[in-house]
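**Q** First the structure, then my questions, so here it is.
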Protein chains: 2
Amino acid sequence: MPPSSFKDPFDVALSRRARWAGDAPIASVLMARTLAQPELVSLAAGFVDQETLPVTPVAEALAALLESHEGARAALQYGTTAGYLPLREAIVERLLAADRVARHEVALSVEQVVLTAGSNQLLHLVLESLLDPGDVVLCGAPGYFVILGTLANLGARAVGVATDDEGIVPEALEEEFSRRREAGDLGRVKAVYAVSDFDNPTGATLPAERRAALVEIVRRWSRDRKLYLIEDAAYRELRYYGDDLPSIRSHDPRGEHVVLAGTFSKAFSPGIRVGWGILPEELVAPVMSQKGNIDFGSPNFNQHIMATVLERSLLDVHLTALRAAYRRKIDAVLEAAEAHLRAVAGVNWIRPTGGLYVWVRLPEGLDAGLDGPLFDRAVEEGVLYVPGHYCYPPEGEPMARNALRLSFGIPSCEAIRRGVAALARAISASLEGTA
Amino acid sequence: MPPSSFKDPFDVALSRRARWAGDAPIASVLMARTLAQPELVSLAAGFVDQETLPVTPVAEALAALLESHEGARAALQYGTTAGYLPLREAIVERLLAADRVARHEVALSVEQVVLTAGSNQLLHLVLESLLDPGDVVLCGAPGYFVILGTLANLGARAVGVATDDEGIVPEALEEEFSRRREAGDLGRVKAVYAVSDFDNPTGATLPAERRAALVEIVRRWSRDRKLYLIEDAAYRELRYYGDDLPSIRSHDPRGEHVVLAGTFSKAFSPGIRVGWGILPEELVAPVMSQKGNIDFGSPNFNQHIMATVLERSLLDVHLTALRAAYRRKIDAVLEAAEAHLRAVAGVNWIRPTGGLYVWVRLPEGLDAGLDGPLFDRAVEEGVLYVPGHYCYPPEGEPMARNALRLSFGIPSCEAIRRGVAALARAISASLEGTA
């Protein structure tokens, strides 16, 4: 190898976007702290259960897909930027059925559906189409930390709105709009972001009346310019108790304000990674244009697989088994919490009816962060969690450092019980240490 | 459906990015002009041959992948942002073998490899990491029109550098750097973009000495700041005549300046859509960060398929058949050009030895654009092409309107012959019309 022709290190001039993108993702920060601890129960990673991944349904769908050379070739060729039409149609049908409305009751055309690499890419494309640097998105606090990174990367501002056990508090959202007006930057607010079901990280589900209230607030504050309500329904199908609720979009039957993001990653397979969005009409062209410039269409093969899975009703069969498996896990985590955490004064948690997460609140003053007393002790005891402060937007509702997120998707029920018991020991020890 | 609650249409405040993204893609513009002509031979669409799509190799790879439940589950789970390690390793091995260098001769670690949704996403991620609005990328003129859209979407400037039958002319690149210095915006130039083999749209391949010269020029003009040479090798494996040439990156053995973009879309399947990039070390973190914010990793399942395809040597077997099929098509298009176009005074074309495109130059003054005399006449005669002016950057080397691109990937040899004959009739008729 020839020697470098350069004497001095270069000033690498990265773009603003690159500089805004921030540090290493939380996952790698946590991993770096735990390399020496192979026996750790990870209640941190947001992955899905490995055991229930749909090997058999995928094999069946692939056999059907590859049966005819013509069908197989269509799947192996380029697709379109918007995605495979039969899958987009199936998504519309599924949504209407889940929302229990007839086609004529809502404004919803297959032209408004775009298929993406997971719902995250949909969120990115919509935000990219709406936000200039300095623009504002109102988000639940705590809320989904990945979208906080996406917003930072765009140079946009995420402003936190208070949440409770039922998600974003409508009155708090109303107040935040008023505050923005008083602060003189109401014109920079472009959207509200809300997870409808089993929020990440809180597990909270917005009740029907809150869904309607959020739409109404966004509609009312759309004065000089239309505001959007971005509904992230990634977890909707992971309900283990109670009845499914119609989407936030169903409260906006003309589809004027709500951008609905969904995905088959949680309900079926994140490795196949097909997400989708339903867009208000005027956003279709801009979002498609962004997508055209990024990858001109997500993998066609995967869209054909998912279309075949839906056509053969393999998803619903799979979901029945998946929900049963996750129901055992959510029972395990909630029972272990009752058994081990209930006795610790000042500790409480939100009881979700679905999803993959449990949000645990700790006594005032107990810092769950990497530099607080709890984190390293928890790792020593054998459990890893996500410190709650990562889930707070940098502005608005103040950050709580005495909270953490537990994920129960990956570990077995036995590991979950062990992990929660370890967490309880670590909390008790930390409290003694600080007392 | 309730009536709209809005009296007036909204001012939808899209982002600058959305406004920069421009109009409908060329494909839809062309399609809209040809809906009434179902018998048309399309020598416009850049898709790959449908008949040779790898149904059998994919079925074999999938059978192997799904054989063990454990392996299948790993493929159906989330992957990493950088992509599946065994595939990234296989890509490094393949590149070293193709470039005929030993591992110790070049600085190349698997950490520098990122897997993307086609090579286009890699180009997007790199450009997003490097360019602020107003920054400049020097591109061949004519050059790949999709990257011109990507640059416009970023608010960046594409400046055209003269090309000839062997691609970008090094002296023209040198002159353009001098001109940028004189114009006072040399500091805004961040990269040079070059397609190494069988360029889109010209079919031109850069000879070895030009590859070395381009690297040397980029190195020399890296004064205050490192400049990058983005090598797009999307077509490298589609060589039908002559010997493969070592990559442009092989002329930059420390991997300091060259970003190498590759893909399995052309060589294997665009529906599976796995592309890749090899990055200079300091760009790994920024590019990964952008990717993390867009989709945190391309579909893992597809990466496992491609890894299995390579592991079982299915790609090379497939490439042998693929090249034989495309060799028949390139022979058909070049023979038809000799038969029908050679006699038309002022018409000439570049003879490619691979790829999917033939660039045809028309007599001075004959406008091949949608509003010129040729386009509609060609459609009437039964052939569709891409007007050459779409392939010119908005600045730099002046646009030629008397040129067009023919794609021979999709149509049969018989259709290619029919299409070229129709084009010749249309050109002759247009010339008579204007004479």
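Every chain in the structure tokens takes a letter, A first, then B, and so on in the order presented; its residues are numbered from 1, and the ligands are numbered from 1 following the presented order.
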Can you tell me which residues surround His318 of chain A at a distance of at most 10 Å, considering only C-alpha atoms, apart from same-chain residues fewer than 4 positions away, and format the answer as a ChimeraX atom specification?

**A** /A:52-54,56-57,267-268,309,313-314,322-323

**Q** For the selection just defined, write its residues with C-alpha atoms to a file, as a tab-separated table (two decimals), in the first residue's frame.

**A**
```
chain	number	residue	atom	x	y	z
A	52	THR	CA	-42.71	-16.06	16.71
A	53	LEU	CA	-41.14	-14.73	13.52
A	54	PRO	CA	-43.29	-16.02	10.65
A	56	THR	CA	-43.90	-20.90	7.96
A	57	PRO	CA	-46.17	-18.18	6.53
A	267	ALA	CA	-47.19	-7.49	13.16
A	268	PHE	CA	-45.27	-9.75	10.78
A	309	VAL	CA	-49.35	-13.03	2.75
A	313	SER	CA	-54.97	-14.56	4.99
A	314	LEU	CA	-51.65	-15.60	6.50
A	322	LEU	CA	-48.27	-13.70	17.92
A	323	ARG	CA	-50.75	-12.05	20.28
```

**Q** Find the spatial neighbours of segment 81-92 of chain A, counting only C-alpha atoms, within a cut-off of 6 Å - ignore same-chain residues fewer than 5 positions away - and output them as a PyMOL selection string.

**A** chain A and resi 110+114-115+296-297+307

**Q** From the DSSP assignment of the backbone, select every residue of segment 50-213 of chain B that is strand (DSSP E), and format the answer as an MDAnalysis selection string.

**A** chainID B and resid 113:116 136:141 157:164 167:168 189:195

**Q** Produce a file of the selected residues containing N, CA, C and O atoms, as a compact mmCIF listing (two decimals), in the first residue's frame.

**A**
```txt
# COMPACT_ATOMS: atom_id res chain seq x y z
N VAL B 113 -18.10 -0.61 4.60
CA VAL B 113 -19.15 -1.04 3.66
C VAL B 113 -20.53 -0.84 4.29
O VAL B 113 -20.76 -1.28 5.42
N VAL B 114 -21.42 -0.19 3.58
CA VAL B 114 -22.79 -0.03 4.05
C VAL B 114 -23.73 -0.56 2.97
O VAL B 114 -23.49 -0.36 1.77
N LEU B 115 -24.78 -1.28 3.40
CA LEU B 115 -25.76 -1.83 2.46
C LEU B 115 -26.96 -0.89 2.40
O LEU B 115 -27.43 -0.40 3.43
N THR B 116 -27.45 -0.67 1.19
CA THR B 116 -28.51 0.31 0.99
C THR B 116 -29.60 -0.23 0.06
O THR B 116 -29.44 -1.29 -0.55
N VAL B 136 -21.55 22.38 -4.84
CA VAL B 136 -21.40 21.98 -6.24
C VAL B 136 -20.87 20.55 -6.36
O VAL B 136 -19.96 20.15 -5.62
N VAL B 137 -21.46 19.78 -7.28
CA VAL B 137 -20.90 18.49 -7.69
C VAL B 137 -20.65 18.57 -9.19
O VAL B 137 -21.52 19.00 -9.95
N LEU B 138 -19.45 18.17 -9.61
CA LEU B 138 -19.12 18.15 -11.03
C LEU B 138 -19.52 16.78 -11.60
O LEU B 138 -19.15 15.74 -11.04
N CYS B 139 -20.29 16.80 -12.68
CA CYS B 139 -20.84 15.58 -13.26
C CYS B 139 -20.55 15.56 -14.75
O CYS B 139 -20.48 16.62 -15.38
N GLY B 140 -20.48 14.38 -15.31
CA GLY B 140 -20.38 14.28 -16.76
C GLY B 140 -21.60 14.89 -17.43
O GLY B 140 -22.71 14.82 -16.90
N ALA B 141 -21.38 15.49 -18.61
CA ALA B 141 -22.48 16.07 -19.38
C ALA B 141 -22.36 15.53 -20.80
O ALA B 141 -21.41 15.88 -21.49
N ARG B 157 -25.84 22.33 -6.65
CA ARG B 157 -25.66 22.64 -8.06
C ARG B 157 -24.89 21.52 -8.75
O ARG B 157 -23.81 21.15 -8.31
N ALA B 158 -25.46 21.00 -9.83
CA ALA B 158 -24.73 20.05 -10.67
C ALA B 158 -24.11 20.85 -11.80
O ALA B 158 -24.82 21.57 -12.50
N VAL B 159 -22.80 20.75 -11.96
CA VAL B 159 -22.12 21.47 -13.04
C VAL B 159 -21.55 20.43 -14.01
O VAL B 159 -20.81 19.52 -13.60
N GLY B 160 -21.91 20.56 -15.27
CA GLY B 160 -21.54 19.57 -16.27
C GLY B 160 -20.12 19.72 -16.80
O GLY B 160 -19.67 20.83 -17.07
N VAL B 161 -19.45 18.59 -16.93
CA VAL B 161 -18.10 18.53 -17.48
C VAL B 161 -18.18 17.74 -18.78
O VAL B 161 -18.88 16.71 -18.84
N ALA B 162 -17.44 18.19 -19.81
CA ALA B 162 -17.53 17.53 -21.12
C ALA B 162 -17.16 16.06 -21.05
O ALA B 162 -16.26 15.65 -20.30
N THR B 163 -17.86 15.26 -21.83
CA THR B 163 -17.55 13.83 -21.97
C THR B 163 -17.32 13.54 -23.46
O THR B 163 -17.73 14.32 -24.32
N ASP B 164 -16.67 12.41 -23.72
CA ASP B 164 -16.60 11.94 -25.10
C ASP B 164 -16.91 10.45 -25.08
O ASP B 164 -17.52 9.96 -24.11
N GLY B 167 -16.10 8.69 -21.80
CA GLY B 167 -16.55 9.25 -20.52
C GLY B 167 -16.02 10.64 -20.25
O GLY B 167 -15.65 11.37 -21.19
N ILE B 168 -15.98 11.02 -18.97
CA ILE B 168 -15.53 12.36 -18.60
C ILE B 168 -14.12 12.60 -19.14
O ILE B 168 -13.24 11.76 -18.99
N VAL B 189 -17.26 23.43 -4.25
CA VAL B 189 -17.18 22.13 -4.93
C VAL B 189 -16.83 21.07 -3.90
O VAL B 189 -15.84 21.19 -3.18
N LYS B 190 -17.65 20.03 -3.80
CA LYS B 190 -17.44 18.99 -2.80
C LYS B 190 -17.09 17.64 -3.40
O LYS B 190 -16.49 16.80 -2.73
N ALA B 191 -17.50 17.42 -4.64
CA ALA B 191 -17.30 16.07 -5.19
C ALA B 191 -17.40 16.08 -6.71
O ALA B 191 -17.95 17.01 -7.32
N VAL B 192 -16.83 15.03 -7.28
CA VAL B 192 -16.99 14.72 -8.70
C VAL B 192 -17.76 13.40 -8.77
O VAL B 192 -17.48 12.49 -7.98
N TYR B 193 -18.73 13.32 -9.66
CA TYR B 193 -19.50 12.09 -9.83
C TYR B 193 -19.18 11.48 -11.19
O TYR B 193 -19.25 12.17 -12.21
N ALA B 194 -18.81 10.20 -11.19
CA ALA B 194 -18.47 9.54 -12.46
C ALA B 194 -18.99 8.11 -12.46
O ALA B 194 -18.86 7.39 -11.46
N VAL B 195 -19.58 7.69 -13.56
CA VAL B 195 -19.96 6.29 -13.75
C VAL B 195 -18.78 5.61 -14.43
O VAL B 195 -18.34 6.04 -15.50
```

**Q** Please run DSSP on the backbone and report, as a PyMOL selection string, all residues within segment 61-165 of chain A that come out as alpha helix (DSSP H).

**A** chain A and resi 61-67+69-76+85-99+118-130+145-153

**Q** So that I have them on file, write out the residues from the current selection with C-alpha atoms, as an mmCIF file, in the first residue's frame.

**A**
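Final output, result-v3.cif:
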```
data_model
loop_
_atom_site.group_PDB
_atom_site.id
_atom_site.type_symbol
_atom_site.label_atom_id
_atom_site.label_comp_id
_atom_site.auth_asym_id
_atom_site.auth_seq_id
_atom_site.Cartn_x
_atom_site.Cartn_y
_atom_site.Cartn_z
ATOM 1 C CA ALA A 61 -46.141 -17.095 0.558
ATOM 2 C CA LEU A 62 -42.829 -17.588 -1.248
ATOM 3 C CA ALA A 63 -43.888 -20.966 -2.584
ATOM 4 C CA ALA A 64 -47.013 -19.345 -4.014
ATOM 5 C CA LEU A 65 -45.055 -16.391 -5.356
ATOM 6 C CA LEU A 66 -42.371 -18.489 -7.048
ATOM 7 C CA GLU A 67 -44.860 -21.041 -8.398
ATOM 8 C CA HIS A 69 -42.286 -17.835 -13.391
ATOM 9 C CA GLU A 70 -44.301 -14.868 -14.546
ATOM 10 C CA GLY A 71 -45.338 -13.869 -11.027
ATOM 11 C CA ALA A 72 -41.832 -14.444 -9.714
ATOM 12 C CA ARG A 73 -40.312 -12.259 -12.407
ATOM 13 C CA ALA A 74 -42.762 -9.471 -11.706
ATOM 14 C CA ALA A 75 -41.575 -9.554 -8.079
ATOM 15 C CA LEU A 76 -37.896 -9.552 -9.050
ATOM 16 C CA LEU A 85 -50.731 -1.605 -6.246
ATOM 17 C CA PRO A 86 -52.410 -4.815 -4.971
ATOM 18 C CA LEU A 87 -50.661 -4.377 -1.618
ATOM 19 C CA ARG A 88 -51.688 -0.737 -1.408
ATOM 20 C CA GLU A 89 -55.266 -1.815 -2.150
ATOM 21 C CA ALA A 90 -55.114 -4.518 0.519
ATOM 22 C CA ILE A 91 -53.866 -1.937 3.030
ATOM 23 C CA VAL A 92 -56.837 0.308 2.283
ATOM 24 C CA GLU A 93 -59.247 -2.612 2.689
ATOM 25 C CA ARG A 94 -57.638 -3.655 5.952
ATOM 26 C CA LEU A 95 -57.787 -0.148 7.362
ATOM 27 C CA LEU A 96 -61.440 0.298 6.445
ATOM 28 C CA ALA A 97 -62.289 -3.051 8.029
ATOM 29 C CA ALA A 98 -60.331 -2.287 11.189
ATOM 30 C CA ASP A 99 -61.920 1.154 11.462
ATOM 31 C CA GLY A 118 -40.724 0.501 7.458
ATOM 32 C CA SER A 119 -42.942 3.229 8.850
ATOM 33 C CA ASN A 120 -39.812 5.138 9.842
ATOM 34 C CA GLN A 121 -39.030 5.967 6.259
ATOM 35 C CA LEU A 122 -42.581 7.233 5.846
ATOM 36 C CA LEU A 123 -42.135 9.514 8.843
ATOM 37 C CA HIS A 124 -38.840 10.736 7.395
ATOM 38 C CA LEU A 125 -40.332 11.442 3.968
ATOM 39 C CA VAL A 126 -43.288 13.356 5.398
ATOM 40 C CA LEU A 127 -41.135 15.397 7.769
ATOM 41 C CA GLU A 128 -38.654 16.108 4.964
ATOM 42 C CA SER A 129 -41.532 17.345 2.819
ATOM 43 C CA LEU A 130 -42.934 19.627 5.518
ATOM 44 C CA PHE A 145 -36.867 8.717 20.570
ATOM 45 C CA VAL A 146 -36.121 7.756 16.970
ATOM 46 C CA ILE A 147 -38.323 10.547 15.644
ATOM 47 C CA LEU A 148 -36.490 12.976 17.930
ATOM 48 C CA GLY A 149 -33.292 12.015 16.079
ATOM 49 C CA THR A 150 -35.003 12.423 12.706
ATOM 50 C CA LEU A 151 -36.208 15.901 13.681
ATOM 51 C CA ALA A 152 -32.763 16.931 14.954
ATOM 52 C CA ASN A 153 -31.247 15.680 11.698
#
```

**Q** Grab the atom CA of Val360 of chain B to atom CA of Leu341 of chain B distance for me, in Å with one decimal place.

**A** 9.6 Å

**Q** Any idea what the distance is between atom CA of Val420 of chain B and atom CA of Leu406 of chain B?

**A**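 One can read the atom CA of Val420 of chain B to atom CA of Leu406 of chain B distance as 8.9 Å.
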
**Q** Out of B:Pro170, B:Gly409, B:Gly396, B:Gly143, which residue has the shortest atom-to-atom distance to chain A when counting only C-alpha atoms?

**A**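 Among the listed residues, the smallest separation from chain A belongs to B:Gly409.
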
**Q** Give me the residues within 9 Å of segment 334-337 of chain A as a list of chain:residue names, counting only C-alpha atoms and dropping any in the same chain fewer than 6 places off.

**A**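 Residues near the query, excluding close chain neighbours: A:Asn348, A:Trp349, A:Arg351, A:Val358, A:Ile416, A:Arg417, A:Arg418, A:Gly419, A:Val420, A:Ala421, A:Ala424.
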
**Q** Grab the atom CA of Gly277 of chain B to atom CA of Gln112 of chain B distance for me, in Å with one decimal place.

**A**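 So the answer is 7.9 Å.
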
**Q** Let me make sure I understand: among B:Val106, B:Met288, B:Val169, B:Leu40, which one has the smallest atom-to-atom distance to Gly22 of chain A if we use only C-alpha atoms?

**A**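 Ranking B:Val106, B:Met288, B:Val169, B:Leu40 by distance to Gly22 of chain A, first place goes to B:Met288.
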